[in-house]
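Asker: Here you go, model.cif (mmCIF, C-alpha atoms):
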data_upload
loop_
_atom_site.group_PDB
_atom_site.id
_atom_site.type_symbol
_atom_site.label_atom_id
_atom_site.label_comp_id
_atom_site.auth_asym_id
_atom_site.auth_seq_id
_atom_site.Cartn_x
_atom_site.Cartn_y
_atom_site.Cartn_z
ATOM 1 C CA MET A 1 12.621 7.355 -30.543
ATOM 2 C CA GLY A 2 10.938 3.992 -30.356
ATOM 3 C CA LEU A 3 10.976 1.494 -27.541
ATOM 4 C CA GLU A 4 14.295 -0.106 -28.435
ATOM 5 C CA TRP A 5 15.945 1.770 -25.550
ATOM 6 C CA MET A 6 14.291 -0.718 -23.195
ATOM 7 C CA GLY A 7 16.291 -3.515 -24.776
ATOM 8 C CA ARG A 8 15.970 -6.853 -23.049
ATOM 9 C CA TYR A 9 13.784 -5.333 -20.302
ATOM 10 C CA ARG A 10 10.839 -4.594 -22.612
ATOM 11 C CA LYS A 11 8.811 -7.641 -21.533
ATOM 12 C CA LEU A 12 9.386 -6.853 -17.843
ATOM 13 C CA VAL A 13 8.373 -3.205 -18.313
ATOM 14 C CA GLU A 14 5.304 -4.269 -20.293
ATOM 15 C CA GLN A 15 4.229 -6.644 -17.516
ATOM 16 C CA LEU A 16 4.827 -3.994 -14.830
ATOM 17 C CA GLN A 17 2.787 -1.452 -16.759
ATOM 18 C CA GLY A 18 -0.027 -3.957 -17.232
ATOM 19 C CA PHE A 19 0.018 -4.849 -13.550
ATOM 20 C CA CYS A 20 -0.040 -1.180 -12.535
ATOM 21 C CA SER A 21 -2.944 -0.450 -14.886
ATOM 22 C CA ARG A 22 -5.015 -3.362 -13.607
ATOM 23 C CA TYR A 23 -4.200 -2.511 -9.994
ATOM 24 C CA ALA A 24 -5.119 1.155 -10.478
ATOM 25 C CA LEU A 25 -8.524 0.130 -11.868
ATOM 26 C CA GLN A 26 -9.389 -1.827 -8.746
ATOM 27 C CA TYR A 27 -7.539 0.220 -6.108
ATOM 28 C CA ASN A 28 -10.719 1.744 -4.640
ATOM 29 C CA ARG A 29 -13.171 -0.955 -5.741
ATOM 30 C CA GLU A 30 -14.404 -2.903 -2.742
ATOM 31 C CA ILE A 31 -14.356 -6.696 -2.740
ATOM 32 C CA SER A 32 -15.771 -9.286 -0.346
ATOM 33 C CA CYS A 33 -13.566 -10.042 2.647
ATOM 34 C CA GLY A 34 -15.922 -12.187 4.641
ATOM 35 C CA PRO A 35 -19.610 -12.138 5.471
ATOM 36 C CA GLY A 36 -20.869 -8.560 5.220
ATOM 37 C CA VAL A 37 -17.384 -7.050 4.882
ATOM 38 C CA ARG A 38 -16.268 -5.285 1.715
ATOM 39 C CA LEU A 39 -12.866 -3.615 1.433
ATOM 40 C CA SER A 40 -10.798 -1.943 -1.252
ATOM 41 C CA PRO A 41 -7.216 -3.010 -1.938
ATOM 42 C CA ALA A 42 -6.136 0.281 -0.335
ATOM 43 C CA GLN A 43 -7.985 -0.632 2.873
ATOM 44 C CA LEU A 44 -6.584 -4.168 2.763
ATOM 45 C CA GLN A 45 -3.044 -2.830 2.459
ATOM 46 C CA ILE A 46 -3.606 -0.649 5.503
ATOM 47 C CA LEU A 47 -4.964 -3.624 7.460
ATOM 48 C CA GLU A 48 -1.992 -5.730 6.396
ATOM 49 C CA TYR A 49 0.403 -3.009 7.543
ATOM 50 C CA LEU A 50 -1.385 -2.681 10.893
ATOM 51 C CA VAL A 51 -1.466 -6.440 11.468
ATOM 52 C CA ASP A 52 2.212 -6.691 10.514
ATOM 53 C CA HIS A 53 3.112 -3.893 12.976
ATOM 54 C CA GLU A 54 0.560 -4.632 15.707
ATOM 55 C CA ASP A 55 3.259 -4.849 18.375
ATOM 56 C CA GLN A 56 3.946 -1.124 17.842
ATOM 57 C CA ASN A 57 1.789 1.834 18.780
ATOM 58 C CA LEU A 58 1.881 3.575 15.412
ATOM 59 C CA LYS A 59 0.427 7.021 14.891
ATOM 60 C CA MET A 60 -1.722 7.595 11.832
ATOM 61 C CA SER A 61 0.955 9.853 10.378
ATOM 62 C CA GLN A 62 3.609 7.137 10.835
ATOM 63 C CA VAL A 63 1.484 4.535 9.065
ATOM 64 C CA ALA A 64 0.691 6.908 6.183
ATOM 65 C CA LYS A 65 4.374 7.758 5.799
ATOM 66 C CA GLY A 66 5.456 4.112 6.104
ATOM 67 C CA MET A 67 3.006 3.155 3.376
ATOM 68 C CA ASP A 68 3.822 6.192 1.207
ATOM 69 C CA ILE A 69 0.181 7.347 1.139
ATOM 70 C CA MET A 70 -0.770 11.019 1.149
ATOM 71 C CA GLN A 71 -2.140 12.030 4.561
ATOM 72 C CA SER A 72 -5.493 13.276 3.202
ATOM 73 C CA THR A 73 -6.094 10.064 1.231
ATOM 74 C CA PHE A 74 -5.042 7.996 4.219
ATOM 75 C CA SER A 75 -7.375 9.859 6.607
ATOM 76 C CA LYS A 76 -10.378 9.277 4.333
ATOM 77 C CA CYS A 77 -9.556 5.592 4.099
ATOM 78 C CA ILE A 78 -9.167 5.318 7.885
ATOM 79 C CA GLY A 79 -12.510 7.083 8.351
ATOM 80 C CA ARG A 80 -14.282 4.504 6.173
ATOM 81 C CA MET A 81 -12.527 1.646 7.936
ATOM 82 C CA SER A 82 -13.406 3.062 11.343
ATOM 83 C CA GLU A 83 -17.092 3.269 10.361
ATOM 84 C CA LYS A 84 -16.916 -0.424 9.464
ATOM 85 C CA GLY A 85 -15.364 -1.276 12.848
ATOM 86 C CA LEU A 86 -12.148 -2.564 11.266
ATOM 87 C CA ILE A 87 -9.723 -0.326 13.126
ATOM 88 C CA GLU A 88 -9.473 1.084 16.625
ATOM 89 C CA LYS A 89 -8.178 4.555 17.467
ATOM 90 C CA TYR A 90 -6.319 5.432 20.631
ATOM 91 C CA HIS A 91 -4.583 8.336 22.354
ATOM 92 C CA THR A 92 -1.823 8.122 24.917
ATOM 93 C CA ALA A 93 -2.219 9.714 28.326
ATOM 94 C CA GLU A 94 0.726 11.992 27.542
ATOM 95 C CA ASN A 95 -0.446 13.106 24.105
ATOM 96 C CA ARG A 96 -4.105 13.282 23.210
ATOM 97 C CA LYS A 97 -3.386 14.966 19.871
ATOM 98 C CA ASP A 98 -1.712 12.038 18.110
ATOM 99 C CA VAL A 99 -4.048 9.258 17.007
ATOM 100 C CA ILE A 100 -2.716 5.719 17.296
ATOM 101 C CA ILE A 101 -4.449 3.135 15.110
ATOM 102 C CA ARG A 102 -4.636 -0.626 15.319
ATOM 103 C CA ALA A 103 -6.568 -3.308 13.509
ATOM 104 C CA SER A 104 -9.632 -4.395 15.464
ATOM 105 C CA ALA A 105 -10.543 -8.057 15.893
ATOM 106 C CA ALA A 106 -12.972 -7.657 12.974
ATOM 107 C CA GLY A 107 -10.203 -6.032 10.916
ATOM 108 C CA ARG A 108 -7.788 -8.884 11.613
ATOM 109 C CA GLU A 109 -10.519 -11.395 10.724
ATOM 110 C CA ALA A 110 -11.240 -9.591 7.426
ATOM 111 C CA TRP A 111 -7.523 -9.528 6.601
ATOM 112 C CA LEU A 112 -7.202 -13.254 7.406
ATOM 113 C CA HIS A 113 -10.200 -14.065 5.199
ATOM 114 C CA TYR A 114 -8.717 -12.106 2.299
ATOM 115 C CA SER A 115 -5.188 -13.450 2.788
ATOM 116 C CA LEU A 116 -6.527 -16.997 2.516
ATOM 117 C CA GLN A 117 -7.996 -16.039 -0.879
ATOM 118 C CA LEU A 118 -4.710 -14.416 -1.888
ATOM 119 C CA TYR A 119 -2.489 -17.300 -0.780
ATOM 120 C CA PRO A 120 -2.841 -19.429 -3.962
ATOM 121 C CA VAL A 121 -2.118 -16.404 -6.170
ATOM 122 C CA TYR A 122 1.095 -15.632 -4.313
ATOM 123 C CA GLN A 123 2.082 -19.294 -4.329
ATOM 124 C CA GLN A 124 1.969 -19.194 -8.149
ATOM 125 C CA PHE A 125 3.958 -15.951 -8.157
ATOM 126 C CA PHE A 126 6.595 -17.379 -5.809
ATOM 127 C CA ALA A 127 6.784 -20.592 -7.859
ATOM 128 C CA ALA A 128 7.490 -18.494 -10.973
ATOM 129 C CA LEU A 129 10.419 -16.888 -9.119
ATOM 130 C CA GLU A 130 11.695 -20.186 -7.694
ATOM 131 C CA GLY A 131 14.781 -20.403 -9.915
ATOM 132 C CA LEU A 132 16.047 -16.965 -8.916
ATOM 133 C CA PRO A 133 18.724 -16.830 -6.220
ATOM 134 C CA ASP A 134 18.014 -14.605 -3.204
ATOM 135 C CA PRO A 135 20.422 -11.858 -4.347
ATOM 136 C CA ALA A 136 18.529 -11.601 -7.668
ATOM 137 C CA ILE A 137 15.212 -11.222 -5.836
ATOM 138 C CA ASP A 138 16.737 -8.526 -3.633
ATOM 139 C CA GLN A 139 18.123 -6.823 -6.731
ATOM 140 C CA LEU A 140 14.703 -6.845 -8.420
ATOM 141 C CA ALA A 141 13.013 -5.466 -5.294
ATOM 142 C CA ASP A 142 15.623 -2.709 -5.068
ATOM 143 C CA ALA A 143 15.279 -1.924 -8.777
ATOM 144 C CA LEU A 144 11.530 -1.387 -8.383
ATOM 145 C CA SER A 145 12.236 1.439 -5.938
ATOM 146 C CA TYR A 146 13.791 3.432 -8.799
ATOM 147 C CA LEU A 147 10.358 3.641 -10.422
ATOM 148 C CA LEU A 148 8.812 5.372 -7.386
ATOM 149 C CA PRO A 149 10.550 8.766 -7.492
ATOM 150 C CA VAL A 150 8.968 9.523 -10.846
ATOM 151 C CA SER A 151 5.554 9.780 -9.183
ATOM 152 C CA SER A 152 6.571 11.152 -5.792
ATOM 153 C CA GLN A 153 8.975 13.915 -6.856
ATOM 154 C CA LYS A 154 6.155 16.465 -7.032
ATOM 155 C CA GLU A 155 5.176 15.771 -3.417
ATOM 156 C CA GLU A 156 8.742 16.251 -2.187
ATOM 157 C CA GLN A 157 9.257 19.592 -3.925
ATOM 158 C CA LYS A 158 8.763 22.664 -1.794
ATOM 159 C CA LYS A 159 5.425 24.246 -2.646
ATOM 160 C CA GLN A 160 5.609 27.639 -4.237
ATOM 161 C CA LEU A 161 3.285 30.245 -2.734
ATOM 162 C CA ILE A 162 1.173 32.260 -5.134
ATOM 163 C CA ARG A 163 -0.200 35.498 -3.807
ATOM 164 C CA ILE A 164 -3.948 35.970 -4.082
ATOM 165 C CA LYS A 165 -4.966 39.465 -5.187
#
Any chance you could give the structure as structure tokens?
Answerer:
Amino acid sequence: MGLEWMGRYRKLVEQLQGFCSRYALQYNREISCGPGVRLSPAQLQILEYLVDHEDQNLKMSQVAKGMDIMQSTFSKCIGRMSEKGLIEKYHTAENRKDVIIRASAAGREAWLHYSLQLYPVYQQFFAALEGLPDPAIDQLADALSYLLPVSSQKEEQKKQLIRIK
């Protein structure tokens, strides 16, 4: 079977695959986000999420789940960001076990610096979508969610125990 099954969506799939490949190459590569601050796209996404939800007291586990990041990967990323002073960790008086995280002032400043660099790129992207009506944009966003289960199905399956002899 060739690629004809993709029909009129071939160009879209090709562009998505190219985007994913390029993004995967730089996902953990740190870039400049202001004087003396270097962050990976993964760290920037976490900062963006924290800044976007800064009115909430989100636990680390809630942020990891909300961003669909494995807890172990998320914890390592948070550790690196904490060392850089980009996030702050808190406990509540009622529950000292759960760790609540927030972007620090330095973290918000790094995110602002990066978002100003990103702004022209997104303006081009939005301009390319300008002719699409809102329902079509919503439909495209919803359609992208169908691509996610392919990678996350393994995580959702119940783990089989193998006895050690």
Asker: Neighbouring residues of segment 71-80 of chain A were defined as those with any atom within 10 Å, considering only C-alpha atoms; residues of the same chain fewer than 2 positions away were excluded. Please report them as a CSV table (one decimal) with C-alpha atoms, in the coordinates of the input.
Answerer:
chain,number,residue,atom,x,y,z
A,28,ASN,CA,-10.7,1.7,-4.6
A,39,LEU,CA,-12.9,-3.6,1.4
A,40,SER,CA,-10.8,-1.9,-1.3
A,42,ALA,CA,-6.1,0.3,-0.3
A,43,GLN,CA,-8.0,-0.6,2.9
A,46,ILE,CA,-3.6,-0.6,5.5
A,47,LEU,CA,-5.0,-3.6,7.5
A,60,MET,CA,-1.7,7.6,11.8
A,61,SER,CA,1.0,9.9,10.4
A,62,GLN,CA,3.6,7.1,10.8
A,63,VAL,CA,1.5,4.5,9.1
A,64,ALA,CA,0.7,6.9,6.2
A,65,LYS,CA,4.4,7.8,5.8
A,67,MET,CA,3.0,3.2,3.4
A,68,ASP,CA,3.8,6.2,1.2
A,69,ILE,CA,0.2,7.3,1.1
A,82,SER,CA,-13.4,3.1,11.3
A,83,GLU,CA,-17.1,3.3,10.4
A,84,LYS,CA,-16.9,-0.4,9.5
A,85,GLY,CA,-15.4,-1.3,12.8
A,86,LEU,CA,-12.1,-2.6,11.3
A,87,ILE,CA,-9.7,-0.3,13.1
A,88,GLU,CA,-9.5,1.1,16.6
A,89,LYS,CA,-8.2,4.6,17.5
A,101,ILE,CA,-4.4,3.1,15.1
Asker: Work out how far atom CA of Pro35 of chain A is from atom CA of Phe19 of chain A, in Å to one decimal.
Answerer: 28.3 Å
Asker: Just give me the gap between atom CA of Leu25 of chain A and atom CA of Leu44 of chain A in Å, one decimal is fine.
Answerer: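 Straight-line distance from atom CA of Leu25 of chain A to atom CA of Leu44 of chain A works out to 15.4 Å.
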Asker: Which residue, A:Cys20, A:Met6, A:Leu50, A:Ala128, has the smallest gap to Arg102 of chain A when you use all atoms listed in the file?
Answerer: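 Closest candidate: A:Leu50.
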Asker: By how many Å are atom CA of Glu30 of chain A and atom CA of Leu144 of chain A apart?
Answerer: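 Atom CA of Glu30 of chain A sits 26.6 Å away from atom CA of Leu144 of chain A.
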